[in-house]
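File shown: coords.cif (mmCIF, C-alpha atoms).
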data_final
#
loop_
_atom_site.label_atom_id
_atom_site.label_comp_id
_atom_site.auth_asym_id
_atom_site.auth_seq_id
_atom_site.Cartn_x
_atom_site.Cartn_y
_atom_site.Cartn_z
CA ASP L 11 0.00 0.00 0.00
CA THR L 12 1.91 3.00 -1.32
CA ALA L 13 2.08 5.94 1.09
CA VAL L 14 2.83 8.66 -1.47
CA SER L 15 1.95 7.80 -5.02
CA GLN L 16 2.43 9.91 -8.09
CA THR L 17 1.38 9.33 -11.66
CA PRO L 18 2.62 8.92 -14.26
CA LYS L 19 6.05 7.49 -13.50
CA TYR L 20 7.34 8.42 -16.95
CA LEU L 21 6.13 11.23 -19.20
CA VAL L 22 7.51 12.04 -22.64
CA THR L 23 6.00 15.02 -24.40
CA GLN L 24 6.71 17.64 -27.00
CA MET L 25 7.69 21.23 -26.38
CA GLY L 26 4.74 23.54 -26.01
CA ASN L 27 2.38 20.91 -24.61
CA ASP L 28 0.56 21.17 -21.30
CA LYS L 29 0.84 18.25 -18.88
CA SER L 30 -0.16 17.33 -15.33
CA ILE L 31 1.41 15.11 -12.70
CA LYS L 32 -0.83 13.80 -9.94
CA CYS L 33 0.11 13.03 -6.36
CA GLU L 34 -1.83 11.42 -3.55
CA GLN L 35 -0.83 10.52 0.01
CA ASN L 36 -2.72 8.19 2.32
CA LEU L 37 -0.73 9.03 5.45
CA GLY L 38 -3.10 11.64 6.77
CA HIS L 39 -0.36 14.26 6.53
CA ASP L 40 -1.16 17.98 6.51
CA THR L 41 1.72 19.15 4.35
CA MET L 42 2.64 18.23 0.78
CA TYR L 43 5.53 19.28 -1.45
CA TRP L 44 6.83 19.21 -4.98
CA TYR L 45 10.58 18.85 -5.48
CA LYS L 46 12.53 18.88 -8.72
CA GLN L 47 15.71 16.89 -9.32
CA ASP L 48 17.62 18.35 -12.24
CA SER L 49 20.25 16.81 -14.48
CA LYS L 50 22.93 17.58 -11.88
CA LYS L 51 20.95 15.55 -9.35
CA PHE L 52 20.16 18.50 -7.09
CA LEU L 53 16.83 18.15 -5.28
CA LYS L 54 15.15 21.53 -4.95
CA ILE L 55 11.81 22.46 -3.53
CA MET L 56 9.25 24.05 -5.82
CA PHE L 57 6.03 24.29 -3.83
CA SER L 58 4.51 23.34 -0.51
CA TYR L 59 0.91 23.21 0.63
CA ASN L 60 -0.33 22.95 4.18
CA ASN L 61 -3.97 21.94 4.50
CA LYS L 62 -4.62 23.09 0.93
CA GLU L 63 -2.94 26.45 1.56
CA LEU L 64 0.15 27.42 -0.43
CA ILE L 65 3.04 28.10 1.97
CA ILE L 66 6.10 27.79 -0.22
CA ASN L 67 6.44 29.05 -3.74
CA GLU L 68 10.08 29.10 -4.77
CA THR L 69 11.30 30.97 -7.80
CA VAL L 70 9.46 28.81 -10.27
CA PRO L 71 8.14 30.00 -13.66
CA ASN L 72 4.43 30.68 -13.53
CA ARG L 73 3.98 28.01 -16.20
CA PHE L 74 4.05 25.68 -13.19
CA SER L 75 0.82 25.71 -11.20
CA PRO L 76 0.15 23.45 -8.24
CA LYS L 77 -3.39 22.52 -7.28
CA SER L 78 -4.50 20.98 -4.00
CA PRO L 79 -8.16 19.92 -4.11
CA ASP L 80 -7.84 18.44 -0.62
CA LYS L 81 -5.01 17.83 1.80
CA ALA L 82 -4.40 14.31 0.44
CA HIS L 83 -3.75 15.50 -3.10
CA LEU L 84 -1.28 17.89 -4.67
CA ASN L 85 -1.16 17.99 -8.44
CA LEU L 86 1.31 19.83 -10.62
CA HIS L 87 0.24 21.32 -13.92
CA ILE L 88 2.83 22.59 -16.37
CA ASN L 89 1.93 24.81 -19.32
CA SER L 90 3.92 25.37 -22.50
CA LEU L 91 6.57 22.80 -21.67
CA GLU L 92 10.18 23.66 -22.48
CA LEU L 93 13.25 21.47 -22.99
CA GLY L 94 14.67 22.74 -19.69
CA ASP L 95 11.69 21.34 -17.80
CA SER L 96 13.05 17.83 -18.34
CA ALA L 97 13.78 16.47 -14.87
CA VAL L 98 12.50 14.09 -12.24
CA TYR L 99 9.70 15.56 -10.17
CA PHE L 100 9.10 14.21 -6.67
CA CYS L 101 6.00 14.66 -4.59
CA ALA L 102 6.38 14.39 -0.81
CA SER L 103 4.34 14.77 2.34
CA SER L 104 5.05 15.36 6.01
CA PRO L 105 2.85 15.30 9.12
CA SER L 106 3.03 19.07 9.45
CA ARG L 107 5.03 22.04 8.25
CA ILE L 108 7.12 21.71 11.41
CA ASN L 109 7.66 17.95 11.30
CA THR L 110 9.75 17.73 8.17
CA GLU L 111 10.53 14.02 8.02
CA ALA L 112 9.06 13.95 4.56
CA PHE L 113 7.92 10.83 2.74
CA PHE L 114 8.59 10.88 -0.98
CA GLY L 115 6.82 9.39 -3.96
CA GLN L 116 8.73 7.36 -6.52
CA GLY L 117 9.18 10.30 -8.87
CA THR L 118 7.97 11.25 -12.34
CA ARG L 119 10.62 11.41 -15.02
CA LEU L 120 9.53 14.13 -17.43
CA THR L 121 11.25 14.29 -20.80
CA VAL L 122 10.45 17.17 -23.12
CA VAL L 123 11.47 16.61 -26.75
CA ASP N 29 24.37 29.48 -3.42
CA GLN N 30 24.53 25.94 -2.11
CA GLN N 31 23.72 26.04 1.60
CA VAL N 32 24.18 22.29 2.07
CA LYS N 33 27.16 20.60 0.51
CA GLN N 34 28.27 17.02 0.18
CA ASN N 35 31.75 17.34 -1.23
CA SER N 36 32.33 13.67 -1.94
CA PRO N 37 30.29 12.56 -4.97
CA SER N 38 31.09 8.92 -4.30
CA LEU N 39 32.44 6.54 -1.69
CA SER N 40 33.41 2.88 -1.95
CA VAL N 41 33.85 0.64 1.09
CA GLN N 42 34.22 -3.05 1.78
CA GLU N 43 31.36 -4.98 3.31
CA GLY N 44 31.60 -5.07 7.08
CA ARG N 45 33.67 -1.87 7.31
CA ILE N 46 32.49 1.56 8.35
CA SER N 47 31.02 4.03 5.85
CA ILE N 48 31.34 7.71 6.73
CA LEU N 49 29.39 10.22 4.68
CA ASN N 50 30.00 13.91 5.27
CA CYS N 51 27.91 17.02 4.92
CA ASP N 52 28.64 20.71 5.48
CA TYR N 53 26.21 23.59 5.76
CA THR N 54 26.53 27.34 5.79
CA ASN N 55 23.27 28.60 7.31
CA SER N 56 23.56 28.83 11.10
CA MET N 57 19.77 29.10 11.33
CA PHE N 58 19.31 25.46 10.36
CA ASP N 59 18.11 23.53 13.41
CA TYR N 60 17.17 20.12 12.07
CA PHE N 61 19.13 17.80 9.84
CA LEU N 62 18.11 14.67 8.00
CA TRP N 63 19.67 11.92 5.93
CA TYR N 64 17.83 10.30 3.07
CA LYS N 65 18.72 7.21 1.08
CA LYS N 66 17.79 6.83 -2.56
CA TYR N 67 17.84 3.82 -4.82
CA PRO N 68 17.67 4.24 -8.62
CA ALA N 69 14.18 4.92 -9.98
CA GLU N 70 12.79 5.37 -6.47
CA GLY N 71 12.07 8.34 -4.28
CA PRO N 72 14.31 9.27 -1.34
CA THR N 73 13.50 7.44 1.88
CA PHE N 74 14.06 8.94 5.31
CA LEU N 75 16.92 7.34 7.21
CA ILE N 76 17.79 9.28 10.35
CA SER N 77 17.66 12.81 11.68
CA ILE N 78 19.18 15.00 14.37
CA SER N 79 18.11 18.16 16.09
CA SER N 80 20.60 20.96 16.60
CA ILE N 81 20.30 20.55 20.37
CA LYS N 82 21.99 17.17 20.12
CA ASP N 83 25.38 16.10 18.85
CA LYS N 84 24.62 12.45 18.19
CA ASN N 85 21.70 10.27 17.24
CA GLU N 86 21.89 6.53 16.79
CA ASP N 87 19.50 4.08 15.15
CA GLY N 88 20.79 0.56 14.72
CA ARG N 89 23.72 0.55 12.31
CA PHE N 90 23.24 4.26 11.54
CA THR N 91 24.62 7.11 13.62
CA VAL N 92 24.54 10.79 12.77
CA PHE N 93 26.99 13.21 14.38
CA LEU N 94 26.52 16.96 14.43
CA ASN N 95 29.28 19.50 15.02
CA LYS N 96 27.52 22.85 15.16
CA SER N 97 30.65 24.94 15.57
CA ALA N 98 32.07 23.45 12.40
CA LYS N 99 28.67 23.38 10.67
CA HIS N 100 29.35 19.78 9.81
CA LEU N 101 27.47 16.53 10.12
CA SER N 102 28.33 12.99 9.25
CA LEU N 103 26.52 9.70 8.84
CA HIS N 104 28.26 6.55 10.02
CA ILE N 105 27.10 3.13 8.86
CA VAL N 106 28.56 0.21 10.79
CA PRO N 107 28.86 -2.46 9.58
CA SER N 108 28.25 -1.59 5.94
CA GLN N 109 26.24 -4.04 3.89
CA PRO N 110 25.87 -4.40 0.10
CA GLY N 111 22.21 -3.39 0.42
CA ASP N 112 23.39 -0.01 1.71
CA SER N 113 24.65 0.83 -1.78
CA ALA N 114 22.61 3.86 -2.77
CA VAL N 115 22.76 7.64 -3.05
CA TYR N 116 22.70 9.39 0.33
CA PHE N 117 21.35 12.92 0.62
CA CYS N 118 21.92 15.22 3.54
CA ALA N 119 19.16 17.80 4.15
CA ALA N 120 18.63 20.70 6.51
CA THR N 121 15.72 22.80 7.61
CA GLY N 122 14.74 25.40 10.17
CA GLY N 123 15.16 29.03 10.99
CA SER N 124 12.60 31.73 11.57
CA GLY N 125 9.35 31.32 9.71
CA ASN N 126 10.11 27.65 9.22
CA THR N 127 7.98 26.40 6.37
CA GLY N 128 9.26 22.84 6.40
CA LYS N 129 11.39 23.39 3.34
CA LEU N 130 14.23 20.90 3.09
CA ILE N 131 17.52 22.10 1.60
CA PHE N 132 19.35 19.13 0.11
CA GLY N 133 22.97 18.46 -0.62
CA GLN N 134 23.89 17.05 -3.99
CA GLY N 135 24.22 13.50 -2.74
CA THR N 136 26.98 10.93 -2.23
CA THR N 137 26.86 7.61 -4.03
CA LEU N 138 27.89 4.82 -1.67
CA GLN N 139 29.04 1.50 -3.04
CA VAL N 140 29.53 -1.34 -0.60
CA LYS N 141 31.55 -4.16 -2.11
CA PRO N 142 30.93 -7.75 -1.01
#

Please rewrite the model in this file as structure tokens.
Amino acid sequence: DTAVSQTPKYLVTQMGNDKSIKCEQNLGHDTMYWYKQDSKKFLKIMFSYNNKELIINETVPNRFSPKSPDKAHLNLHINSLELGDSAVYFCASSPSRINTEAFFGQGTRLTVV
Amino acid sequence: DQQVKQNSPSLSVQEGRISILNCDYTNSMFDYFLWYKKYPAEGPTFLISISSIKDKNEDGRFTVFLNKSAKHLSLHIVPSQPGDSAVYFCAATGGSGNTGKLIFGQGTTLQVKP
């Protein structure tokens, strides 16, 4: 029973397309995150939601828009995809914004061609 | 500006010996530190953490040491096992207005040889 699940695991798409990555956690956590791992393997935070409220919005192009319909879900929508968006995107959750022992999903490898 | 650094991209040790992974940070406001382990094609999994009020935390074969004055922490794995072969990420968080954001190092690839 997967704690943090994200779909799809792999996504190949053309430049200019719009795509979404979905994330769900069944841990009852209040806080969810999106992290990006780039080609240099750095893991960097993009967004965080706490009980459906946006609390972290790093310097991310506004083509990226997170949506949290409820505290168990945090989806990531990306408009007008660019080659530089190719990366692995990880969803994560933690019990609260203070308790940061985050649980990660398996990642979505996005390839823009 | 990389606030958390893991200066060794890779480490190779023999099974049964000790593995020592190092991490340095620059932000003195960090008050909580974590180690994550990552296998290929999987997400990072939480391994062990330490609060800045402590200098050591132990969990089975894994021990994390924190030297606040040097802004340095290390993860010791004793004895190392082949299944420990993975990428290890150090992460830090904290400071005023803590939002739970984790700042990660760039990772160290550990290979444990049988």

For this session: Just the residues within 7 Å of N:Thr73, please, counting all atoms listed in the file, with nothing from its chain fewer than 4 positions along; format it as a list in words.
Result: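 Counting all atoms listed in the file, the residues come to Phe113 and Phe114 of chain L; Tyr64, Lys65 and Lys66 of chain N.
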
For this session: I would like the residues chosen by the PyMOL selection byres ((chain N and resi 52) around 7) on the shown file; could you give them as a list in words?
Result: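 That selection, the PyMOL selection byres ((chain N and resi 52) around 7), comes back as Val32, Lys33, Gln34, Asn50, Cys51, Tyr53, Thr54, Lys99, His100 and Leu101 of chain N.
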
Problem set entry | Residue hits in chain N, query chain L, radius 9 Å, all atoms listed in the file, as a list in words |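 Filtering chain N at 9 Å from chain L with all atoms listed in the file gives Tyr60, Leu62, Ala69, Glu70, Gly71, Pro72, Thr73, Phe74, Ile76, Ser77, Thr121, Gly122, Asn126, Thr127, Gly128, Lys129, Leu130, Ile131, Phe132, Gly133, Gln134 and Gly135 of chain N.
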
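With only C-alpha atoms as the atoms that count, the minimum distance from L:Glu92 to the choices L:His39, L:Lys46, L:Lys62, L:Lys29 is reached by L:Lys29.
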
Seminar exercise, completed: As a check of understanding: the span from atom CA of N:Met57 to atom CA of L:Val70 is 23.9 Å

Problem set entry | Residues selected by the PyMOL selection byres ((chain L and resi 21) around 12), written as a ChimeraX atom specification | /L:16-20,22-24,27-32,91,95-99,117-123

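Going from atom CA of L:Thr69 to atom CA of N:Asp29 covers 13.9 Å.
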
Would you kindly place all heavy atoms on stretch 31-42 of chain L and return the model as a tab-separated table (two decimals), keeping the file's coordinate frame?
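Contents of rebuild20.tsv, as written:
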chain	number	residue	atom	x	y	z
L	31	ILE	N	0.94	16.23	-13.50
L	31	ILE	CA	1.41	15.11	-12.70
L	31	ILE	C	0.55	15.09	-11.43
L	31	ILE	O	0.35	16.13	-10.80
L	31	ILE	CB	2.89	15.25	-12.30
L	31	ILE	CG1	3.75	15.50	-13.54
L	31	ILE	CG2	3.36	14.01	-11.57
L	31	ILE	CD1	5.20	15.85	-13.20
L	32	LYS	N	0.05	13.89	-11.10
L	32	LYS	CA	-0.83	13.80	-9.94
L	32	LYS	C	-0.10	13.17	-8.76
L	32	LYS	O	0.78	12.34	-8.93
L	32	LYS	CB	-2.06	12.97	-10.29
L	32	LYS	CG	-2.92	13.61	-11.36
L	32	LYS	CD	-4.20	12.82	-11.57
L	32	LYS	CE	-5.09	13.54	-12.57
L	32	LYS	NZ	-6.37	12.82	-12.81
L	33	CYS	N	-0.49	13.58	-7.57
L	33	CYS	CA	0.11	13.03	-6.36
L	33	CYS	C	-0.96	12.85	-5.30
L	33	CYS	O	-1.79	13.74	-5.08
L	33	CYS	CB	1.21	13.95	-5.84
L	33	CYS	SG	1.98	13.33	-4.32
L	34	GLU	N	-0.88	11.71	-4.62
L	34	GLU	CA	-1.83	11.42	-3.55
L	34	GLU	C	-1.07	10.79	-2.39
L	34	GLU	O	-0.17	9.97	-2.60
L	34	GLU	CB	-2.89	10.44	-4.05
L	34	GLU	CG	-3.86	9.97	-2.99
L	34	GLU	CD	-4.89	8.99	-3.51
L	34	GLU	OE1	-4.79	8.59	-4.69
L	34	GLU	OE2	-5.80	8.61	-2.75
L	35	GLN	N	-1.43	11.16	-1.16
L	35	GLN	CA	-0.83	10.52	0.01
L	35	GLN	C	-1.95	10.00	0.90
L	35	GLN	O	-2.97	10.66	1.08
L	35	GLN	CB	0.11	11.49	0.76
L	35	GLN	CG	-0.51	12.81	1.17
L	35	GLN	CD	-1.00	12.88	2.59
L	35	GLN	OE1	-0.91	11.91	3.35
L	35	GLN	NE2	-1.55	14.04	2.97
L	36	ASN	N	-1.71	8.80	1.45
L	36	ASN	CA	-2.72	8.19	2.32
L	36	ASN	C	-2.23	8.11	3.77
L	36	ASN	O	-2.65	7.23	4.52
L	36	ASN	CB	-3.10	6.80	1.79
L	36	ASN	CG	-1.92	5.83	1.75
L	36	ASN	OD1	-0.84	6.14	2.26
L	36	ASN	ND2	-2.12	4.67	1.16
L	37	LEU	N	-1.34	9.02	4.12
L	37	LEU	CA	-0.73	9.03	5.45
L	37	LEU	C	-1.46	9.95	6.42
L	37	LEU	O	-1.09	10.02	7.59
L	37	LEU	CB	0.74	9.44	5.34
L	37	LEU	CG	1.60	8.49	4.51
L	37	LEU	CD1	2.94	9.15	4.17
L	37	LEU	CD2	1.83	7.18	5.26
L	38	GLY	N	-2.41	10.69	5.91
L	38	GLY	CA	-3.10	11.64	6.77
L	38	GLY	C	-2.27	12.89	7.09
L	38	GLY	O	-2.58	13.62	8.03
L	39	HIS	N	-1.24	13.12	6.31
L	39	HIS	CA	-0.36	14.26	6.53
L	39	HIS	C	-1.04	15.58	6.14
L	39	HIS	O	-1.90	15.61	5.27
L	39	HIS	CB	0.94	14.12	5.73
L	39	HIS	CG	1.84	13.06	6.29
L	39	HIS	ND1	2.97	12.62	5.61
L	39	HIS	CD2	1.82	12.37	7.46
L	39	HIS	CE1	3.58	11.70	6.35
L	39	HIS	NE2	2.89	11.54	7.46
L	40	ASP	N	-0.60	16.66	6.80
L	40	ASP	CA	-1.16	17.98	6.51
L	40	ASP	C	-0.41	18.70	5.41
L	40	ASP	O	-0.96	19.60	4.77
L	40	ASP	CB	-1.12	18.86	7.77
L	40	ASP	CG	-2.19	18.46	8.78
L	40	ASP	OD1	-3.13	17.74	8.40
L	40	ASP	OD2	-2.07	18.88	9.95
L	41	THR	N	0.86	18.37	5.22
L	41	THR	CA	1.72	19.15	4.35
L	41	THR	C	2.22	18.31	3.17
L	41	THR	O	2.65	17.18	3.35
L	41	THR	CB	2.93	19.71	5.13
L	41	THR	OG1	2.46	20.33	6.32
L	41	THR	CG2	3.68	20.74	4.30
L	42	MET	N	2.17	18.90	1.99
L	42	MET	CA	2.64	18.23	0.78
L	42	MET	C	3.57	19.15	0.01
L	42	MET	O	3.47	20.38	0.11
L	42	MET	CB	1.47	17.78	-0.10
L	42	MET	CG	0.61	16.71	0.57
L	42	MET	SD	-0.67	16.04	-0.51
L	42	MET	CE	0.32	15.04	-1.65
